[in-house]
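See below for the structure under consideration.
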Number of protein chains: 2
Amino acid sequence: MGVLEKVAARPRVAKAKPQAPLPLDTILMDDCIAAMKSLPAKSIDMIFADPPYNLQLGGDLARPDGSQVDAVTDDWDKFDSFAAYDTFTKAWLKEARRILKDNGSIWVIGSYHNIFRVGTAIQDTGFWILNDIVWRKANPMPNFRGTRFTNAHETLIWASMGEKAKYTFNYRSMKTLNDELQMRSDWEFPICGGPERLKKDGHKVHPTQKPEALLYRVMLAASKPGDVILDPFFGTGTTGAVAKRLGRHWIGIEREGNYVEAAQERIEAALPLDESQLKTMQANTKKPPRVAFGQLVENGYLAPGTMLTDTKRRWRAVVGADGSLTCDTVSGSIHKVGSTVQNAPSCNGWTFWHIESEGALQPIDTLRQTYLLATQP
Amino acid sequence: MGVLEKVAARPRVAKAKPQAPLPLDTILMDDCIAAMKSLPAKSIDMIFADPPYNLQLGGDLARPDGSQVDAVTDDWDKFDSFAAYDTFTKAWLKEARRILKDNGSIWVIGSYHNIFRVGTAIQDTGFWILNDIVWRKANPMPNFRGTRFTNAHETLIWASMGEKAKYTFNYRSMKTLNDELQMRSDWEFPICGGPERLKKDGHKVHPTQKPEALLYRVMLAASKPGDVILDPFFGTGTTGAVAKRLGRHWIGIEREGNYVEAAQERIEAALPLDESQLKTMQANTKKPPRVAFGQLVENGYLAPGTMLTDTKRRWRAVVGADGSLTCDTVSGSIHKVGSTVQNAPSCNGWTFWHIESEGALQPIDTLRQTYLLATQP
DNA sequence: GTGGCTTGTGAATCCAGAG
DNA sequence: ACTCTGGATTCACAAGCCA
C-alpha cells in the first residue's frame, strides 16, 4: 500500500484536546502555543513556521503613480516592543522543541525585521542551526521612494535539535533537483501570484501567502514520505497543500476562521503529485544571469577612466568608478548616455559602445561574454 | 585642493591615544574596544565591521559578569559561549554608536553562526536596520560531506543611528551601477582570490579576506568622498585599500602585528582614482537644482492661458500668469490641483499634467528638462 | 488566435525642508 | 515638538483588452 493512501482525503478541523492521539491532517483552530501544548512530546518530524514579522510600518505608502500599497496591517502582526516579540518567540519555540522528535528539524522564515531575533531565540532554545537559506524573490516589490536597496529576499533558518542530533537531509534529491550540482543556500522563486494566490471577491485572502515551490523544496530536502509536518502559523495552508501532494502528513494551527476555511478548501482540492507537475515546478531557474555594466567595473574587467567610442568614433565617453559613462556633459548608464548623444529614444549600450583593443574596435558586449564565461560554472 | 591630497599617501600605524585628533588614514594597533574608546564622539561617517564569526574568541571574551574566559582550559557550554559573544558584541556596538555621527551608518557582515546575535544586538543598541544584504558567493566552498546545503552566502546588515536618523544612500549611483534598475538586496561577487588574495610563503595571510568589490559597493552606496570610514576589525585592510581608491578617509583597528604589516603594504600600493572619476560619481548623486513651475511661465516656456490635461484627458486646467493652475473651481500649484482633482493624497504635477504638442501629449516635465538644459552651464 | 498595450499589485520598518 | 508643502519615486509578472 502506498504512502499516499494513509493521508486523509478530507482535511478536518478540530479543537486541540490534551492527551488525544496525534491529529493527523487536521487544522487545529486555536492559539498556536495552546494547540502545541496539546500535542504529545517527541511526536513531530518537521516544523515549518512562518511567524508574524513584527513589521513596524509608518504611514501609508503610495506608488509613484499614486496608487496605494496594500500593506500588512493585521492585528496578528502587532507587538508592543522587541521584548514582547522575544517573549512570544521563545514561548512557541520552547513548545516546538518539546513536540519535535529527537531527529526532527525546524524551519522558520522571516525578514530583517524579525529574523535576527528569531535566530537568536532558536540558538538560545538549544537548537543547532544547520543552514540559513535565502529566498531570492524573482519579482519583489520595488523601493518606491529610492531610499534603500530593494528588499528582494527573505531568510529561512533550518535547525536540528542539537549539535549532535541526527536529522533528515535528502542530499541526492537536492542535487538532482539542481542539475547535479549541490543545492546552494540561495534559492530563487517568484512570489506567490497567479492562480496559486488565493483570492476572495478579488482581494487576496492572506497578505503573506508563501509560494508552494518554496515549501516543496523544504519538504523534499528535510522530510520523508509519511513524516508528520507541523505548521504552527498555518494561514491559508500552503504547508498542508504541499504536504498532501508530497505524501507527508500535516498538522496546521490557525486561529482565524476565515484562513482555516480557505485552507480547508484548498487542501481538499490539492492532488498528490504527478511527474508533470514536478517538472513544471522546477523548470524556472535556467535563464542566463543578467550582467550589469557596473559589475565589469567592480570586478576589474574594465578600469575607471577607460575611453569608449561608437563604431564611427563620433562620440567618446569615459567610464566612471560607479559604472557610469560620461560623454561631454552627459552622464549616466551606458544605455542612457548612448540614447542621449544620439538623440534616440533608447539604445543598447552593450552593442553601441566599443573599446579600442589592439587598434580594432570591439563592442563592450564581448567583455560581458568574457565575464559570463569566467563566472559561470 | 582636491579631496585626495588630504589623504595621507603612506598609511601610519599608531597606538590609540585618548583626546588625540582623529587619526585619519591610520591603523591603530590595539584591542578593538580600547581603540574605539580613544576616538571622539560623533566623529565617524561610516563603520564597516567584520567581527569574528566563531564563538571561540580567546582573550576577547568575558563572561556576562565581567570575568575573563580562558577558552583553552575552560570547559564551558555553548550557552556560556553565546552569552560571552553577546557581551562582546554589545560592548563594541555601544562604542561604535558613540563615535558615529548622527547621520552615520554601520555595516556588519557575518554568517549564520553569528549574524543573528549581531542583528539582535544592533537592534537592541538602538540602531535602525535599513536593509539586510546577501552576498551570494559565485564560487563558494562546496559542502564536502553532503550533509547540508552549500553555504553559499554571507549576510550584511546596514543600519542607521535610529528610526528617524538621516543617512547617506547614493541611490543614483547604485541604479547606474545596476544598469538603470534599482539595486537589490542580493549581491553576487566571487570570493576573494587570484592576485587580490594576500599570500605569504604560499599561504593566505588572512583566512577571511573580503573581496574589494564588496567593500567598493558598500562605500559607493553609503558614503561620500572625504568621509571617514572606520573598520574595527581591520584584518589585512580591505576597507582601507578601497577607501583610498575611492577618496574616503579610513581608520583601521587591528591587534595582530602580521595583519597590520600586510595591510600597511597593501594600502600603500593601492592607487586612488583620479579627481574626474570621483566627480562623475558625485554628479550622479547630486540632484539638479529645483525648478519652480512659475519659472517656466516667467521665462516664456509656457504662456499664461495654456491648457493642460492628463494623459487620458479627464481633466483640463489653465495656466495662470503667476504659475498657478486652475481646473474648474480648484486653483493652486500643479501638484495641489493634480491631487485635488484625482482625490489623491499627493501628486507629482510635473508628470501628471501634459501639454498638447503637434497632436501628441507631452508631460510638462519635458519643458522643465528643456529649461534646465538651457540654463545650466 | 495572437501579439501588443494597459493596468494592477506584491511581508515595506520608504521624504525633506521650511515655518 | 509639530504641520504643511513641494515634488521625487517603481520592477517583474499576470491578467485583461483590443486591434
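Identifiers in this document derive from the order of the C-alpha cells: chains are assigned A, B, ..., residues are numbered from 1 separately in each chain, and ligands are numbered from 1 in order of occurrence.
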Check your understanding: Mind checking DSSP for stretch 103-277 of chain A and telling me the alpha helix (DSSP H) residues as number ranges by chain?
Key -> A: 115-125, 171-177, 212-222, 238-245, 257-269, 275-277
Preceding selection exported with N, CA and C atoms as a compact mmCIF listing (two decimals), in the first residue's frame:
# COMPACT_ATOMS: atom_id res chain seq x y z
N ILE A 115 14.02 38.32 11.78
CA ILE A 115 14.75 37.06 11.66
C ILE A 115 15.95 36.99 12.60
N PHE A 116 16.52 38.15 12.94
CA PHE A 116 17.67 38.11 13.84
C PHE A 116 17.24 37.72 15.24
N ARG A 117 16.08 38.20 15.63
CA ARG A 117 15.57 37.84 16.95
C ARG A 117 15.15 36.37 16.98
N VAL A 118 14.56 35.92 15.88
CA VAL A 118 14.17 34.51 15.80
C VAL A 118 15.40 33.62 15.84
N GLY A 119 16.43 34.00 15.07
CA GLY A 119 17.64 33.18 15.03
C GLY A 119 18.31 33.10 16.39
N THR A 120 18.38 34.22 17.07
CA THR A 120 18.96 34.22 18.41
C THR A 120 18.17 33.31 19.34
N ALA A 121 16.83 33.43 19.27
CA ALA A 121 15.99 32.59 20.14
C ALA A 121 16.15 31.12 19.80
N ILE A 122 16.29 30.80 18.52
CA ILE A 122 16.50 29.40 18.12
C ILE A 122 17.77 28.86 18.76
N GLN A 123 18.84 29.64 18.69
CA GLN A 123 20.09 29.19 19.30
C GLN A 123 19.95 29.09 20.81
N ASP A 124 19.28 30.07 21.41
CA ASP A 124 19.15 30.07 22.87
C ASP A 124 18.25 28.93 23.37
N THR A 125 17.34 28.47 22.50
CA THR A 125 16.45 27.37 22.90
C THR A 125 17.16 26.03 22.86
N TYR A 171 20.15 14.57 0.41
CA TYR A 171 21.21 15.18 -0.38
C TYR A 171 21.04 14.88 -1.87
N ARG A 172 20.78 13.61 -2.19
CA ARG A 172 20.66 13.23 -3.60
C ARG A 172 19.49 13.94 -4.28
N SER A 173 18.36 14.03 -3.57
CA SER A 173 17.21 14.71 -4.17
C SER A 173 17.54 16.14 -4.51
N MET A 174 18.24 16.79 -3.60
CA MET A 174 18.57 18.20 -3.82
C MET A 174 19.56 18.35 -4.97
N LYS A 175 20.51 17.43 -5.03
CA LYS A 175 21.50 17.53 -6.10
C LYS A 175 20.85 17.28 -7.46
N THR A 176 19.95 16.31 -7.50
CA THR A 176 19.23 16.04 -8.74
C THR A 176 18.40 17.25 -9.16
N LEU A 177 17.74 17.80 -8.18
CA LEU A 177 16.88 18.96 -8.43
C LEU A 177 17.68 20.12 -8.99
N GLU A 212 4.13 27.76 -3.17
CA GLU A 212 4.22 26.33 -2.90
C GLU A 212 5.60 25.78 -3.26
N ALA A 213 6.23 26.37 -4.26
CA ALA A 213 7.55 25.88 -4.68
C ALA A 213 8.55 25.94 -3.53
N LEU A 214 8.42 26.96 -2.70
CA LEU A 214 9.33 27.10 -1.56
C LEU A 214 9.13 25.96 -0.58
N LEU A 215 7.87 25.70 -0.21
CA LEU A 215 7.58 24.61 0.73
C LEU A 215 7.95 23.27 0.13
N TYR A 216 7.75 23.16 -1.16
CA TYR A 216 8.08 21.93 -1.87
C TYR A 216 9.55 21.59 -1.67
N ARG A 217 10.40 22.58 -1.88
CA ARG A 217 11.83 22.30 -1.75
C ARG A 217 12.21 22.00 -0.30
N VAL A 218 11.59 22.72 0.62
CA VAL A 218 11.87 22.49 2.04
C VAL A 218 11.53 21.04 2.43
N MET A 219 10.32 20.61 2.05
CA MET A 219 9.91 19.25 2.45
C MET A 219 10.70 18.18 1.73
N LEU A 220 10.98 18.42 0.45
CA LEU A 220 11.76 17.45 -0.31
C LEU A 220 13.15 17.30 0.29
N ALA A 221 13.68 18.38 0.84
CA ALA A 221 15.04 18.36 1.37
C ALA A 221 15.10 17.71 2.74
N ALA A 222 14.11 17.98 3.59
CA ALA A 222 14.29 17.68 5.01
C ALA A 222 13.19 16.83 5.62
N THR A 238 -0.58 26.61 2.92
CA THR A 238 0.41 26.21 1.91
C THR A 238 1.13 24.94 2.34
N THR A 239 1.52 24.89 3.62
CA THR A 239 2.23 23.73 4.14
C THR A 239 1.39 22.46 4.00
N GLY A 240 0.10 22.55 4.31
CA GLY A 240 -0.77 21.39 4.21
C GLY A 240 -0.95 20.93 2.78
N ALA A 241 -1.14 21.90 1.88
CA ALA A 241 -1.36 21.55 0.47
C ALA A 241 -0.14 20.83 -0.10
N VAL A 242 1.04 21.35 0.18
CA VAL A 242 2.26 20.75 -0.36
C VAL A 242 2.52 19.40 0.31
N ALA A 243 2.27 19.32 1.62
CA ALA A 243 2.47 18.05 2.32
C ALA A 243 1.60 16.96 1.71
N LYS A 244 0.35 17.29 1.45
CA LYS A 244 -0.55 16.31 0.84
C LYS A 244 -0.02 15.86 -0.52
N ARG A 245 0.43 16.84 -1.30
CA ARG A 245 0.95 16.50 -2.63
C ARG A 245 2.17 15.60 -2.53
N GLY A 257 -10.70 32.09 11.67
CA GLY A 257 -11.65 31.24 10.99
C GLY A 257 -11.65 31.35 9.48
N ASN A 258 -11.48 32.57 8.98
CA ASN A 258 -11.53 32.71 7.52
C ASN A 258 -10.30 32.09 6.86
N TYR A 259 -9.17 32.13 7.53
CA TYR A 259 -7.98 31.45 6.98
C TYR A 259 -8.19 29.93 7.00
N VAL A 260 -8.74 29.44 8.13
CA VAL A 260 -8.97 28.00 8.27
C VAL A 260 -9.87 27.50 7.14
N GLU A 261 -10.91 28.25 6.89
CA GLU A 261 -11.87 27.85 5.86
C GLU A 261 -11.19 27.78 4.49
N ALA A 262 -10.42 28.83 4.19
CA ALA A 262 -9.73 28.86 2.90
C ALA A 262 -8.74 27.70 2.78
N ALA A 263 -8.03 27.43 3.88
CA ALA A 263 -7.03 26.36 3.86
C ALA A 263 -7.69 25.01 3.64
N GLN A 264 -8.82 24.81 4.30
CA GLN A 264 -9.54 23.55 4.19
C GLN A 264 -9.93 23.24 2.74
N GLU A 265 -10.57 24.21 2.11
CA GLU A 265 -10.97 24.04 0.71
C GLU A 265 -9.77 23.75 -0.17
N ARG A 266 -8.71 24.52 0.09
CA ARG A 266 -7.54 24.43 -0.76
C ARG A 266 -6.90 23.04 -0.67
N ILE A 267 -6.76 22.55 0.56
CA ILE A 267 -6.08 21.26 0.74
C ILE A 267 -6.94 20.13 0.20
N GLU A 268 -8.23 20.30 0.37
CA GLU A 268 -9.13 19.29 -0.18
C GLU A 268 -8.94 19.16 -1.69
N ALA A 269 -8.73 20.30 -2.34
CA ALA A 269 -8.59 20.29 -3.80
C ALA A 269 -7.19 19.86 -4.26
N GLU A 275 4.26 13.43 -12.17
CA GLU A 275 5.55 13.84 -12.70
C GLU A 275 5.51 15.20 -13.39
N SER A 276 4.43 15.43 -14.15
CA SER A 276 4.41 16.65 -14.95
C SER A 276 4.47 17.89 -14.05
N GLN A 277 3.75 17.81 -12.92
CA GLN A 277 3.77 18.95 -12.02
C GLN A 277 5.16 19.18 -11.45
Exercise for review: Residues of chain B near chain D: apply a cut-off of 8 Å, count only C-alpha atoms (C1' of nucleotides), and supply the list as an MDAnalysis selection string.
Suggested key: chainID B and resid 335 348:349
Would you save the residues of that selection, restricted to N, CA and C atoms, as a JSON list (two decimals), in the first residue's frame?
[["chain", "number", "residue", "atom", "x", "y", "z"],
["B", 335, "HIS", "N", 0.88, 70.58, -8.40],
["B", 335, "HIS", "CA", 0.78, 69.38, -7.57],
["B", 335, "HIS", "C", -0.54, 69.34, -6.83],
["B", 348, "ASN", "N", 2.51, 64.20, -8.35],
["B", 348, "ASN", "CA", 3.62, 64.92, -8.97],
["B", 348, "ASN", "C", 3.08, 65.60, -10.22],
["B", 349, "GLY", "N", 2.84, 66.90, -10.09],
["B", 349, "GLY", "CA", 2.26, 67.65, -11.19],
["B", 349, "GLY", "C", 3.11, 67.62, -12.46]]
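Residues from chain A found within 7 Å of chain C are Leu55, Gln56, Leu57, Val72, His113, Pro140, Met141, Asn143, Phe144, Arg145, Thr147 and Thr208 of chain A, counting only C-alpha atoms (C1' of nucleotides).
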Atoms kept (C-alpha atoms) for selection, written as a short mmCIF file (atom, residue, chain, number, x, y, z; two decimals), in the first residue's frame:
data_model
loop_
_atom_site.label_atom_id
_atom_site.label_comp_id
_atom_site.auth_asym_id
_atom_site.auth_seq_id
_atom_site.Cartn_x
_atom_site.Cartn_y
_atom_site.Cartn_z
CA LEU A 55 6.61 44.93 10.85
CA GLN A 56 6.69 48.42 12.25
CA LEU A 57 5.22 50.43 9.44
CA VAL A 72 0.26 44.09 6.27
CA HIS A 113 12.51 42.87 10.86
CA PRO A 140 10.00 41.71 -5.39
CA MET A 141 8.18 44.91 -4.64
CA ASN A 143 11.55 50.53 -3.18
CA PHE A 144 9.27 53.30 -4.34
CA ARG A 145 11.00 56.18 -2.68
CA THR A 147 15.75 55.48 -0.13
CA THR A 208 1.63 36.84 3.06
#
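Pairwise distance (atom CA of A:Val205, atom CA of A:Leu24) equals 24.7 Å.
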Point to revise | Filtered DSSP result for stretch 27-157 of chain B, state strand (DSSP E or B), as a PyMOL selection string | key: chain B and resi 27-28+44-49+62+68+100-110+128-137+150+153-157
Practice item. Could the residues of chain A within 6 Å of chain B, counting only C-alpha atoms, be given as a ChimeraX atom specification, please? Key: /A:116-117,119-120,149-152,183-185,292,294,298,320,322-324,333
Study note, to complete from the structure: Computed gap from atom CA of A:Leu156 to atom CA of A:Trp107 is 6.6 Å
Study note, to complete from the structure: atom CA of A:Arg248 sits from atom CA of A:Val228 at a separation of 6.2 Å
Review point. Could you pull the residues within 8 Å of B:Val337, counting only C-alpha atoms (C1' of nucleotides), minus those fewer than 4 positions along the same chain, as an MDAnalysis selection string?
Key: chainID B and resid 325:327 330:333 341
Practice item. Name all residues at most 8 Å from stretch 50-52 of chain B (count only C-alpha atoms (C1' of nucleotides); drop same-chain ones fewer than 4 positions away) and give them as a list of chain:residue names. Key: B:Leu57, B:Val108, B:Ile109, B:Gly110, B:Asp231, B:Pro232, B:Phe233, B:Phe234
